[in-house]
2 protein chains.
Amino acid sequence: MKPKRYLVLAEGVSADPHYGKTMQGVLRYRREDVVAILDSTRAGQSEDGLPVVASVDDAVRFGPTTALVGVATQGGRFPPEWIDLLRSCVSNGLDVENGLHVFLGDDPELVELARRHGAELHDLRRPPADLSTVTGENLEVDAQIVLTVGSDCAIGKMTVCCELDLEARRRGLRSVFVPTGQTGIAIAGWGIAVDAVVSDFLAGATERLVVDGARRGDLIWVEGQGALLHPLYSGVTLGLMHGSVPHAYVLCHEAGRTEIEGAAGHHAIPPLAELVELHERISLPVRPARVVAVAVNTRALDEEAARAAVAEAEAETGLPADDPVRFGAGRLLDAVLAGLKLEPARAD
Amino acid sequence: MKPKRYLVLAEGVSADPHYGKTMQGVLRYRREDVVAILDSTRAGQSEDGLPVVASVDDAVRFGPTTALVGVATQGGRFPPEWIDLLRSCVSNGLDVENGLHVFLGDDPELVELARRHGAELHDLRRPPADLSTVTGENLEVDAQIVLTVGSDCAIGKMTVCCELDLEARRRGLRSVFVPTGQTGIAIAGWGIAVDAVVSDFLAGATERLVVDGARRGDLIWVEGQGALLHPLYSGVTLGLMHGSVPHAYVLCHEAGRTEIEGAAGHHAIPPLAELVELHERISLPVRPARVVAVAVNTRALDEEAARAAVAEAEAETGLPADDPVRFGAGRLLDAVLAGLKLEPARAD
């Protein structure tokens, strides 16, 4: 398989941290495979040291093999103006990776154009066709499984997995990140977008990810989704918890966030200590799991306030807490390994 | 719309309470609309006072308008020998209602045959195409919402809804049963099989059911699915709990069942009092809901043991308990109305 060289499509949103979520994730954790970013509104500038170009034609000289749809819009629909852009990619022989709800493979004209130009269309959110319910194989895998859970959506559960995985690999552990959403899939190159799976097979899809993950490593970090008390996505959260049968949880929280955000019927986020207990209570009796650490997202705070927020999370829960993006993932990894009763491996 | 007259297709399984689940439900709650049962292995016998016939040709004299697929097989696949049977139905001009995972509408030959004979194919588990996430409309409906929850799958959550709805309507209440699975849909003639919905839209599908239900009545009984600690289906359970935003729960349990049945990673069913607390704890803070009654399925017990099991459930939980199938739904309905602080309406 030839190495991928990504052109990240971020028309109009390359500077927007919310809509550019997939782009940001790939830039952070797969930077070495990106050659350019497409956003005609910022053409000629650079982003994270990468050239921003106005069109696919302008991007060709950087030698991309694959265009990545880096937007994540509400409901996952495709902005109509994107169709021309996608045709341009395919006409230039670029494969396309798409993380939206709408599938490129369902557009017969684009499929035909891709066929003519030898380009491949990959819909990252399209679930495998042969999913089923849980078989019990998830309980038999010979790996330690850690799941990130959260006090809300969009607070960095994937990022925490990636940081812990990177740190564990730096220490020489056979660690693997298990993606359950489109950005994670774009980063890792495999995975299933579990929220796109039929509800009946949600836990079964998660079981498959854990079984596949255990073939790739001994310590696996499963990307959590939603939140147990989220009015929209709690079903996905619990299916993921029970299907992945984790040995331990890392509870993720954004400092200063007090309410479930952007959701109808939003409510106050319960105290962290209550969330710890609720996750432990609702774990399957065959695999009781504890919360072993709290990851605190302090992006909105200055350094002093960030340290105070971490200390507060520790005091509230009695668990080790840290912001792995800001302060490094070392302390959290130590806490997880201690929680799993594994040796605290060191890189040096 | 012409009234439906059902021929229930139950080839080889009309006497099997497990595989004939859809048939049993329709016979119990929609008996007046069934004209015959097809099962060539029992042709000439009668079932619940209805003629059992060997073939569609034999059934025609009873004047059916609609054939109902009454099997519920593991994974929902269609036994191959059924294809000829379905063709025979359609060739005789019968509409077909199908509750399996496999959709009749995806079989081009059957679709063409139905078109030629003016027959309609209805796939009861096919979700609407325009589902979305929760909007918050569920919190605004002007109806009292009751959800059945359970200690395990397949213990009668739908039956409890139907019995409570029947009893409430007998008392003159504007009561409505809200179906979330194929048998319920066959009984009520509307609904969404929520486990067939993409996980992202699970709570949204449930919201739509509650909104539709509230247009049909003031007191709505939402059919629960799965169980909160079921290794396969818990995600569906929680999505349904949060999407339907119930004012009260009825906890369903089968007397004598001590383990989650037939599931990989099965485990002991926790004490009922713990289950009551767990369901209440995980309710959305914007709509805190209490368990107001316990429905005990005593089908495996004799009369004396049944009364003892009901008394035991009451002692364990401190809540009113009863078996509505065996002893009538009056006491449970009284408990629910009291829990909702509604007047205890009487038929007389």
# chains A, B, ... in the order shown; residues from 1 in each chain; ligands from 1
$ interface_residues --of "chain B" --to "chain A" --cutoff "7 Å" --atoms "only C-alpha atoms" --output "count of residues only"
29
$ select_by_dssp --residues "range 81-325 of chain A" --states "strand (DSSP E or B)" --output "VMD selection string"
chain A and resid 95 to 98 121 to 123 144 to 150 175 to 178 198 219 to 222 248 to 254 259 268 290 to 297 321 to 322
$ closest_residue --among "B:Asp218, B:Glu97, B:Glu314, B:Glu109" --to "Asp84 in chain B" --atoms "only C-alpha atoms"
B:Glu109
$ residues_around --residues "range 327-336 of chain B" --least-positions-apart "4" --cutoff "8 Å" --atoms "only C-alpha atoms" --output "short mmCIF file (atom, residue, chain, number, x, y, z; two decimals) with N, CA, C and O atoms, in the first residue's frame"
data_model
loop_
_atom_site.label_atom_id
_atom_site.label_comp_id
_atom_site.auth_asym_id
_atom_site.auth_seq_id
_atom_site.Cartn_x
_atom_site.Cartn_y
_atom_site.Cartn_z
N GLU B 163 -51.63 -4.42 28.39
CA GLU B 163 -52.62 -4.68 29.44
C GLU B 163 -53.01 -3.39 30.17
O GLU B 163 -54.19 -3.15 30.46
N LEU B 164 -52.01 -2.55 30.46
CA LEU B 164 -52.30 -1.29 31.16
C LEU B 164 -53.10 -0.35 30.25
O LEU B 164 -54.02 0.34 30.71
N GLU B 167 -56.74 -1.62 30.09
CA GLU B 167 -57.45 -1.32 31.33
C GLU B 167 -57.76 0.18 31.44
O GLU B 167 -58.86 0.57 31.85
N ALA B 168 -56.81 1.01 31.03
CA ALA B 168 -57.03 2.46 31.09
C ALA B 168 -58.15 2.87 30.14
O ALA B 168 -59.00 3.71 30.48
N ALA B 248 -42.85 8.33 34.51
CA ALA B 248 -42.81 7.21 35.45
C ALA B 248 -42.42 5.94 34.72
O ALA B 248 -42.61 5.82 33.51
N VAL B 250 -42.64 1.55 34.83
CA VAL B 250 -43.10 0.30 35.43
C VAL B 250 -41.97 -0.71 35.20
O VAL B 250 -41.55 -0.93 34.06
N VAL B 292 -42.91 3.38 39.61
CA VAL B 292 -44.12 3.49 40.42
C VAL B 292 -44.81 2.15 40.66
O VAL B 292 -45.74 2.06 41.46
N ALA B 293 -44.36 1.11 39.94
CA ALA B 293 -44.99 -0.20 40.14
C ALA B 293 -44.08 -1.27 39.54
O ALA B 293 -43.23 -0.98 38.70
N VAL B 294 -44.27 -2.51 40.00
CA VAL B 294 -43.50 -3.64 39.48
C VAL B 294 -44.48 -4.64 38.87
O VAL B 294 -45.43 -5.08 39.52
N ALA B 295 -44.25 -4.98 37.58
CA ALA B 295 -45.07 -5.99 36.92
C ALA B 295 -44.32 -7.32 36.97
O ALA B 295 -43.19 -7.41 36.51
N PRO B 320 -46.10 -1.15 44.83
CA PRO B 320 -47.18 -2.05 44.43
C PRO B 320 -46.69 -2.97 43.30
O PRO B 320 -46.03 -2.49 42.38
N ALA B 321 -47.03 -4.25 43.39
CA ALA B 321 -46.63 -5.20 42.34
C ALA B 321 -47.82 -6.07 41.99
O ALA B 321 -48.74 -6.26 42.80
N ASP B 322 -47.82 -6.60 40.76
CA ASP B 322 -48.87 -7.53 40.36
C ASP B 322 -48.50 -8.16 39.02
O ASP B 322 -47.60 -7.67 38.32
N ASP B 323 -49.19 -9.26 38.68
CA ASP B 323 -49.07 -9.84 37.35
C ASP B 323 -50.35 -9.45 36.58
O ASP B 323 -51.41 -10.03 36.82
N LEU B 340 -48.45 9.09 39.13
CA LEU B 340 -48.52 10.27 38.26
C LEU B 340 -49.38 11.37 38.89
O LEU B 340 -49.53 12.44 38.32
N PRO B 344 -57.79 8.36 40.12
CA PRO B 344 -57.93 6.94 39.81
C PRO B 344 -59.25 6.65 39.11
O PRO B 344 -60.20 6.17 39.72
#
$ residues_around --residues "Cys161 in chain A" --least-positions-apart "2" --cutoff "10 Å" --atoms "only C-alpha atoms" --output "PDB file with all heavy atoms, in the first residue's frame"
ATOM      1  N   VAL A 146      -9.074   0.191  28.084  1.00  0.00           N
ATOM      2  CA  VAL A 146      -9.411   1.437  28.768  1.00  0.00           C
ATOM      3  C   VAL A 146     -10.363   2.225  27.874  1.00  0.00           C
ATOM      4  O   VAL A 146     -10.116   2.378  26.677  1.00  0.00           O
ATOM      5  CB  VAL A 146      -8.147   2.277  29.054  1.00  0.00           C
ATOM      6  CG1 VAL A 146      -8.513   3.553  29.800  1.00  0.00           C
ATOM      7  CG2 VAL A 146      -7.118   1.455  29.822  1.00  0.00           C
ATOM      8  N   LEU A 147     -11.464   2.693  28.450  1.00  0.00           N
ATOM      9  CA  LEU A 147     -12.438   3.487  27.695  1.00  0.00           C
ATOM     10  C   LEU A 147     -12.475   4.906  28.265  1.00  0.00           C
ATOM     11  O   LEU A 147     -12.523   5.077  29.484  1.00  0.00           O
ATOM     12  CB  LEU A 147     -13.829   2.853  27.810  1.00  0.00           C
ATOM     13  CG  LEU A 147     -15.012   3.618  27.198  1.00  0.00           C
ATOM     14  CD1 LEU A 147     -14.919   3.668  25.670  1.00  0.00           C
ATOM     15  CD2 LEU A 147     -16.345   2.986  27.616  1.00  0.00           C
ATOM     16  N   THR A 148     -12.468   5.912  27.381  1.00  0.00           N
ATOM     17  CA  THR A 148     -12.689   7.278  27.856  1.00  0.00           C
ATOM     18  C   THR A 148     -14.190   7.547  27.891  1.00  0.00           C
ATOM     19  O   THR A 148     -14.914   7.216  26.962  1.00  0.00           O
ATOM     20  CB  THR A 148     -11.994   8.326  26.961  1.00  0.00           C
ATOM     21  OG1 THR A 148     -12.308   8.088  25.591  1.00  0.00           O
ATOM     22  CG2 THR A 148     -10.486   8.277  27.136  1.00  0.00           C
ATOM     23  N   GLY A 156     -13.132  16.231  24.312  1.00  0.00           N
ATOM     24  CA  GLY A 156     -11.780  15.736  24.098  1.00  0.00           C
ATOM     25  C   GLY A 156     -11.550  14.280  24.454  1.00  0.00           C
ATOM     26  O   GLY A 156     -10.418  13.889  24.730  1.00  0.00           O
ATOM     27  N   LYS A 157     -12.581  13.439  24.415  1.00  0.00           N
ATOM     28  CA  LYS A 157     -12.385  12.021  24.747  1.00  0.00           C
ATOM     29  C   LYS A 157     -11.429  11.348  23.758  1.00  0.00           C
ATOM     30  O   LYS A 157     -10.615  10.515  24.146  1.00  0.00           O
ATOM     31  CB  LYS A 157     -13.731  11.280  24.751  1.00  0.00           C
ATOM     32  CG  LYS A 157     -14.631  11.696  25.909  1.00  0.00           C
ATOM     33  CD  LYS A 157     -15.904  10.882  25.977  1.00  0.00           C
ATOM     34  CE  LYS A 157     -16.861  11.207  24.863  1.00  0.00           C
ATOM     35  NZ  LYS A 157     -17.459  12.557  24.923  1.00  0.00           N
ATOM     36  N   MET A 158     -11.524  11.718  22.459  1.00  0.00           N
ATOM     37  CA  MET A 158     -10.623  11.143  21.465  1.00  0.00           C
ATOM     38  C   MET A 158      -9.199  11.624  21.683  1.00  0.00           C
ATOM     39  O   MET A 158      -8.249  10.843  21.631  1.00  0.00           O
ATOM     40  CB  MET A 158     -11.084  11.508  20.051  1.00  0.00           C
ATOM     41  CG  MET A 158     -10.263  10.799  18.993  1.00  0.00           C
ATOM     42  SD  MET A 158     -10.275  11.688  17.419  1.00  0.00           S
ATOM     43  CE  MET A 158      -9.116  13.023  17.767  1.00  0.00           C
ATOM     44  N   THR A 159      -9.070  12.908  21.966  1.00  0.00           N
ATOM     45  CA  THR A 159      -7.745  13.488  22.183  1.00  0.00           C
ATOM     46  C   THR A 159      -7.043  12.817  23.366  1.00  0.00           C
ATOM     47  O   THR A 159      -5.855  12.506  23.301  1.00  0.00           O
ATOM     48  CB  THR A 159      -7.886  15.012  22.421  1.00  0.00           C
ATOM     49  OG1 THR A 159      -8.491  15.580  21.268  1.00  0.00           O
ATOM     50  CG2 THR A 159      -6.544  15.661  22.687  1.00  0.00           C
ATOM     51  N   GLU A 163      -3.461  10.947  23.210  1.00  0.00           N
ATOM     52  CA  GLU A 163      -2.320  11.367  24.029  1.00  0.00           C
ATOM     53  C   GLU A 163      -1.813  10.221  24.910  1.00  0.00           C
ATOM     54  O   GLU A 163      -0.599  10.013  25.039  1.00  0.00           O
ATOM     55  CB  GLU A 163      -2.710  12.565  24.909  1.00  0.00           C
ATOM     56  CG  GLU A 163      -3.022  13.844  24.150  1.00  0.00           C
ATOM     57  CD  GLU A 163      -1.786  14.468  23.486  1.00  0.00           C
ATOM     58  OE1 GLU A 163      -0.652  14.168  23.917  1.00  0.00           O
ATOM     59  OE2 GLU A 163      -1.966  15.253  22.532  1.00  0.00           O
ATOM     60  N   LEU A 164      -2.733   9.469  25.496  1.00  0.00           N
ATOM     61  CA  LEU A 164      -2.324   8.347  26.353  1.00  0.00           C
ATOM     62  C   LEU A 164      -1.664   7.263  25.512  1.00  0.00           C
ATOM     63  O   LEU A 164      -0.667   6.656  25.925  1.00  0.00           O
ATOM     64  CB  LEU A 164      -3.532   7.802  27.121  1.00  0.00           C
ATOM     65  CG  LEU A 164      -3.956   8.681  28.308  1.00  0.00           C
ATOM     66  CD1 LEU A 164      -5.371   8.335  28.776  1.00  0.00           C
ATOM     67  CD2 LEU A 164      -2.964   8.517  29.468  1.00  0.00           C
ATOM     68  N   ASP A 165      -2.207   7.031  24.318  1.00  0.00           N
ATOM     69  CA  ASP A 165      -1.624   6.031  23.428  1.00  0.00           C
ATOM     70  C   ASP A 165      -0.210   6.445  23.011  1.00  0.00           C
ATOM     71  O   ASP A 165       0.723   5.624  23.040  1.00  0.00           O
ATOM     72  CB  ASP A 165      -2.533   5.858  22.211  1.00  0.00           C
ATOM     73  CG  ASP A 165      -1.903   5.004  21.129  1.00  0.00           C
ATOM     74  OD1 ASP A 165      -1.454   3.878  21.457  1.00  0.00           O
ATOM     75  OD2 ASP A 165      -1.841   5.451  19.966  1.00  0.00           O
ATOM     76  N   LEU A 166      -0.031   7.708  22.622  1.00  0.00           N
ATOM     77  CA  LEU A 166       1.296   8.195  22.220  1.00  0.00           C
ATOM     78  C   LEU A 166       2.303   8.015  23.356  1.00  0.00           C
ATOM     79  O   LEU A 166       3.412   7.519  23.152  1.00  0.00           O
ATOM     80  CB  LEU A 166       1.221   9.691  21.868  1.00  0.00           C
ATOM     81  CG  LEU A 166       0.827  10.068  20.445  1.00  0.00           C
ATOM     82  CD1 LEU A 166       0.737  11.584  20.316  1.00  0.00           C
ATOM     83  CD2 LEU A 166       1.852   9.504  19.455  1.00  0.00           C
ATOM     84  N   GLU A 167       1.883   8.420  24.554  1.00  0.00           N
ATOM     85  CA  GLU A 167       2.785   8.340  25.707  1.00  0.00           C
ATOM     86  C   GLU A 167       3.129   6.874  26.018  1.00  0.00           C
ATOM     87  O   GLU A 167       4.281   6.539  26.305  1.00  0.00           O
ATOM     88  CB  GLU A 167       2.141   9.020  26.921  1.00  0.00           C
ATOM     89  CG  GLU A 167       2.907   8.912  28.233  1.00  0.00           C
ATOM     90  CD  GLU A 167       4.254   9.636  28.228  1.00  0.00           C
ATOM     91  OE1 GLU A 167       4.484  10.466  27.337  1.00  0.00           O
ATOM     92  OE2 GLU A 167       5.081   9.336  29.132  1.00  0.00           O
ATOM     93  N   VAL A 176      -2.434   0.637  21.596  1.00  0.00           N
ATOM     94  CA  VAL A 176      -3.160   0.910  20.357  1.00  0.00           C
ATOM     95  C   VAL A 176      -4.397   1.772  20.648  1.00  0.00           C
ATOM     96  O   VAL A 176      -5.080   1.584  21.660  1.00  0.00           O
ATOM     97  CB  VAL A 176      -3.519  -0.410  19.626  1.00  0.00           C
ATOM     98  CG1 VAL A 176      -4.440  -1.271  20.458  1.00  0.00           C
ATOM     99  CG2 VAL A 176      -4.144  -0.159  18.270  1.00  0.00           C
ATOM    100  N   PHE A 177      -4.617   2.727  19.761  1.00  0.00           N
ATOM    101  CA  PHE A 177      -5.785   3.601  19.838  1.00  0.00           C
ATOM    102  C   PHE A 177      -6.904   2.972  19.013  1.00  0.00           C
ATOM    103  O   PHE A 177      -6.714   2.616  17.858  1.00  0.00           O
ATOM    104  CB  PHE A 177      -5.409   4.988  19.302  1.00  0.00           C
ATOM    105  CG  PHE A 177      -6.578   5.862  18.934  1.00  0.00           C
ATOM    106  CD1 PHE A 177      -7.586   6.147  19.851  1.00  0.00           C
ATOM    107  CD2 PHE A 177      -6.669   6.415  17.666  1.00  0.00           C
ATOM    108  CE1 PHE A 177      -8.668   6.953  19.502  1.00  0.00           C
ATOM    109  CE2 PHE A 177      -7.741   7.236  17.312  1.00  0.00           C
ATOM    110  CZ  PHE A 177      -8.740   7.493  18.233  1.00  0.00           C
ATOM    111  N   VAL A 178      -8.089   2.812  19.620  1.00  0.00           N
ATOM    112  CA  VAL A 178      -9.227   2.191  18.935  1.00  0.00           C
ATOM    113  C   VAL A 178     -10.277   3.266  18.635  1.00  0.00           C
ATOM    114  O   VAL A 178     -10.967   3.742  19.536  1.00  0.00           O
ATOM    115  CB  VAL A 178      -9.850   1.074  19.803  1.00  0.00           C
ATOM    116  CG1 VAL A 178     -11.112   0.527  19.151  1.00  0.00           C
ATOM    117  CG2 VAL A 178      -8.836  -0.047  20.023  1.00  0.00           C
ATOM    118  N   PRO A 179     -10.410   3.656  17.364  1.00  0.00           N
ATOM    119  CA  PRO A 179     -11.295   4.763  16.993  1.00  0.00           C
ATOM    120  C   PRO A 179     -12.741   4.321  16.824  1.00  0.00           C
ATOM    121  O   PRO A 179     -13.019   3.263  16.271  1.00  0.00           O
ATOM    122  CB  PRO A 179     -10.751   5.234  15.649  1.00  0.00           C
ATOM    123  CG  PRO A 179      -9.786   4.189  15.194  1.00  0.00           C
ATOM    124  CD  PRO A 179      -9.732   3.084  16.188  1.00  0.00           C
ATOM    125  N   GLY A 184     -11.239   9.892  14.469  1.00  0.00           N
ATOM    126  CA  GLY A 184     -10.349   8.830  14.918  1.00  0.00           C
ATOM    127  C   GLY A 184     -10.011   7.869  13.789  1.00  0.00           C
ATOM    128  O   GLY A 184      -8.865   7.429  13.650  1.00  0.00           O
ATOM    129  N   ILE A 220      -5.250  -1.231  25.112  1.00  0.00           N
ATOM    130  CA  ILE A 220      -6.024  -0.561  24.077  1.00  0.00           C
ATOM    131  C   ILE A 220      -6.913   0.535  24.651  1.00  0.00           C
ATOM    132  O   ILE A 220      -7.523   0.393  25.703  1.00  0.00           O
ATOM    133  CB  ILE A 220      -6.793  -1.574  23.202  1.00  0.00           C
ATOM    134  CG1 ILE A 220      -7.949  -2.216  23.914  1.00  0.00           C
ATOM    135  CG2 ILE A 220      -5.862  -2.662  22.684  1.00  0.00           C
ATOM    136  CD1 ILE A 220      -8.597  -3.293  23.065  1.00  0.00           C
ATOM    137  N   TRP A 221      -6.904   1.666  23.947  1.00  0.00           N
ATOM    138  CA  TRP A 221      -7.588   2.887  24.365  1.00  0.00           C
ATOM    139  C   TRP A 221      -8.784   3.073  23.454  1.00  0.00           C
ATOM    140  O   TRP A 221      -8.629   3.435  22.290  1.00  0.00           O
ATOM    141  CB  TRP A 221      -6.646   4.082  24.230  1.00  0.00           C
ATOM    142  CG  TRP A 221      -5.327   3.885  24.927  1.00  0.00           C
ATOM    143  CD1 TRP A 221      -4.177   3.398  24.379  1.00  0.00           C
ATOM    144  CD2 TRP A 221      -5.047   4.129  26.312  1.00  0.00           C
ATOM    145  NE1 TRP A 221      -3.181   3.340  25.341  1.00  0.00           N
ATOM    146  CE2 TRP A 221      -3.689   3.780  26.528  1.00  0.00           C
ATOM    147  CE3 TRP A 221      -5.801   4.606  27.389  1.00  0.00           C
ATOM    148  CZ2 TRP A 221      -3.077   3.899  27.778  1.00  0.00           C
ATOM    149  CZ3 TRP A 221      -5.174   4.722  28.630  1.00  0.00           C
ATOM    150  CH2 TRP A 221      -3.843   4.373  28.817  1.00  0.00           C
ATOM    151  N   VAL A 222      -9.977   2.834  23.990  1.00  0.00           N
ATOM    152  CA  VAL A 222     -11.182   2.933  23.175  1.00  0.00           C
ATOM    153  C   VAL A 222     -11.749   4.348  23.286  1.00  0.00           C
ATOM    154  O   VAL A 222     -12.015   4.843  24.392  1.00  0.00           O
ATOM    155  CB  VAL A 222     -12.242   1.902  23.611  1.00  0.00           C
ATOM    156  CG1 VAL A 222     -13.476   2.003  22.722  1.00  0.00           C
ATOM    157  CG2 VAL A 222     -11.665   0.492  23.568  1.00  0.00           C
ATOM    158  N   GLU A 223     -11.940   4.971  22.132  1.00  0.00           N
ATOM    159  CA  GLU A 223     -12.492   6.322  22.061  1.00  0.00           C
ATOM    160  C   GLU A 223     -13.959   6.310  22.495  1.00  0.00           C
ATOM    161  O   GLU A 223     -14.786   5.647  21.869  1.00  0.00           O
ATOM    162  CB  GLU A 223     -12.391   6.813  20.608  1.00  0.00           C
ATOM    163  CG  GLU A 223     -13.006   8.174  20.375  1.00  0.00           C
ATOM    164  CD  GLU A 223     -13.133   8.501  18.885  1.00  0.00           C
ATOM    165  OE1 GLU A 223     -12.728   7.680  18.032  1.00  0.00           O
ATOM    166  OE2 GLU A 223     -13.655   9.590  18.584  1.00  0.00           O
ATOM    167  N   GLY A 224     -14.269   7.029  23.557  1.00  0.00           N
ATOM    168  CA  GLY A 224     -15.652   7.108  24.013  1.00  0.00           C
ATOM    169  C   GLY A 224     -16.487   8.038  23.153  1.00  0.00           C
ATOM    170  O   GLY A 224     -15.957   8.826  22.373  1.00  0.00           O
ATOM    171  N   VAL A 250     -11.254   6.334  31.942  1.00  0.00           N
ATOM    172  CA  VAL A 250     -10.730   7.667  32.226  1.00  0.00           C
ATOM    173  C   VAL A 250     -11.888   8.631  32.002  1.00  0.00           C
ATOM    174  O   VAL A 250     -12.477   8.654  30.917  1.00  0.00           O
ATOM    175  CB  VAL A 250      -9.545   8.020  31.301  1.00  0.00           C
ATOM    176  CG1 VAL A 250      -9.121   9.467  31.508  1.00  0.00           C
ATOM    177  CG2 VAL A 250      -8.377   7.062  31.551  1.00  0.00           C
ATOM    178  N   PRO A 324      -3.754  16.232  29.801  1.00  0.00           N
ATOM    179  CA  PRO A 324      -2.660  15.585  29.081  1.00  0.00           C
ATOM    180  C   PRO A 324      -2.170  16.405  27.890  1.00  0.00           C
ATOM    181  O   PRO A 324      -1.013  16.256  27.482  1.00  0.00           O
ATOM    182  CB  PRO A 324      -3.282  14.263  28.608  1.00  0.00           C
ATOM    183  CG  PRO A 324      -4.754  14.510  28.563  1.00  0.00           C
ATOM    184  CD  PRO A 324      -5.031  15.510  29.657  1.00  0.00           C
ATOM    185  N   ALA A 329       0.985  13.593  29.117  1.00  0.00           N
ATOM    186  CA  ALA A 329       0.103  12.488  29.508  1.00  0.00           C
ATOM    187  C   ALA A 329       0.732  11.562  30.539  1.00  0.00           C
ATOM    188  O   ALA A 329       0.141  10.550  30.916  1.00  0.00           O
ATOM    189  CB  ALA A 329      -0.308  11.692  28.269  1.00  0.00           C
TER     190      ALA A 329
END
$ residues_around --residues "Pro51 in chain B" --least-positions-apart "4" --cutoff "9 Å" --atoms "only C-alpha atoms" --output "list in words"
Val35, Ala36, Ile37, Leu38, Ala43, Gly44, Gln45, Ser46, Glu47 and Ala59 of chain B
$ closest_residue --among "A:Ala143, A:His117, A:Arg5, A:Glu303" --to "Ala214 in chain A" --atoms "only C-alpha atoms"
A:Ala143
$ closest_residue --among "A:Asp16, A:Val69, A:Gly339, A:Cys89" --to "Val102 in chain A" --atoms "only C-alpha atoms"
A:Val69
$ decode --residues "range 201-214 of chain B" --atoms "N, CA and C atoms" --output "compact mmCIF listing (two decimals), in the first residue's frame"
# COMPACT_ATOMS: atom_id res chain seq x y z
N PHE B 201 -29.65 8.32 15.92
CA PHE B 201 -31.02 8.81 15.85
C PHE B 201 -31.97 8.01 16.74
N LEU B 202 -31.43 7.17 17.61
CA LEU B 202 -32.25 6.32 18.46
C LEU B 202 -33.16 7.15 19.37
N ALA B 203 -32.57 8.08 20.11
CA ALA B 203 -33.39 8.91 21.00
C ALA B 203 -34.33 9.80 20.18
N GLY B 204 -33.88 10.25 19.03
CA GLY B 204 -34.71 11.08 18.16
C GLY B 204 -35.93 10.32 17.64
N ALA B 205 -35.74 9.04 17.31
CA ALA B 205 -36.87 8.22 16.86
C ALA B 205 -37.88 8.05 17.99
N THR B 206 -37.37 7.88 19.21
CA THR B 206 -38.24 7.73 20.37
C THR B 206 -38.99 9.01 20.65
N GLU B 207 -38.30 10.13 20.50
CA GLU B 207 -38.99 11.43 20.65
C GLU B 207 -40.17 11.52 19.68
N ARG B 208 -39.94 11.11 18.44
CA ARG B 208 -41.02 11.20 17.46
C ARG B 208 -42.22 10.34 17.87
N LEU B 209 -41.93 9.15 18.41
CA LEU B 209 -43.02 8.26 18.85
C LEU B 209 -43.83 8.90 19.97
N VAL B 210 -43.13 9.54 20.89
CA VAL B 210 -43.82 10.17 22.02
C VAL B 210 -44.67 11.35 21.54
N VAL B 211 -44.12 12.12 20.62
CA VAL B 211 -44.86 13.26 20.07
C VAL B 211 -46.10 12.76 19.32
N ASP B 212 -45.93 11.71 18.50
CA ASP B 212 -47.08 11.13 17.79
C ASP B 212 -48.08 10.53 18.77
N GLY B 213 -47.58 9.85 19.79
CA GLY B 213 -48.46 9.24 20.79
C GLY B 213 -49.31 10.28 21.50
N ALA B 214 -48.69 11.43 21.81
CA ALA B 214 -49.41 12.48 22.54
C ALA B 214 -50.50 13.11 21.68
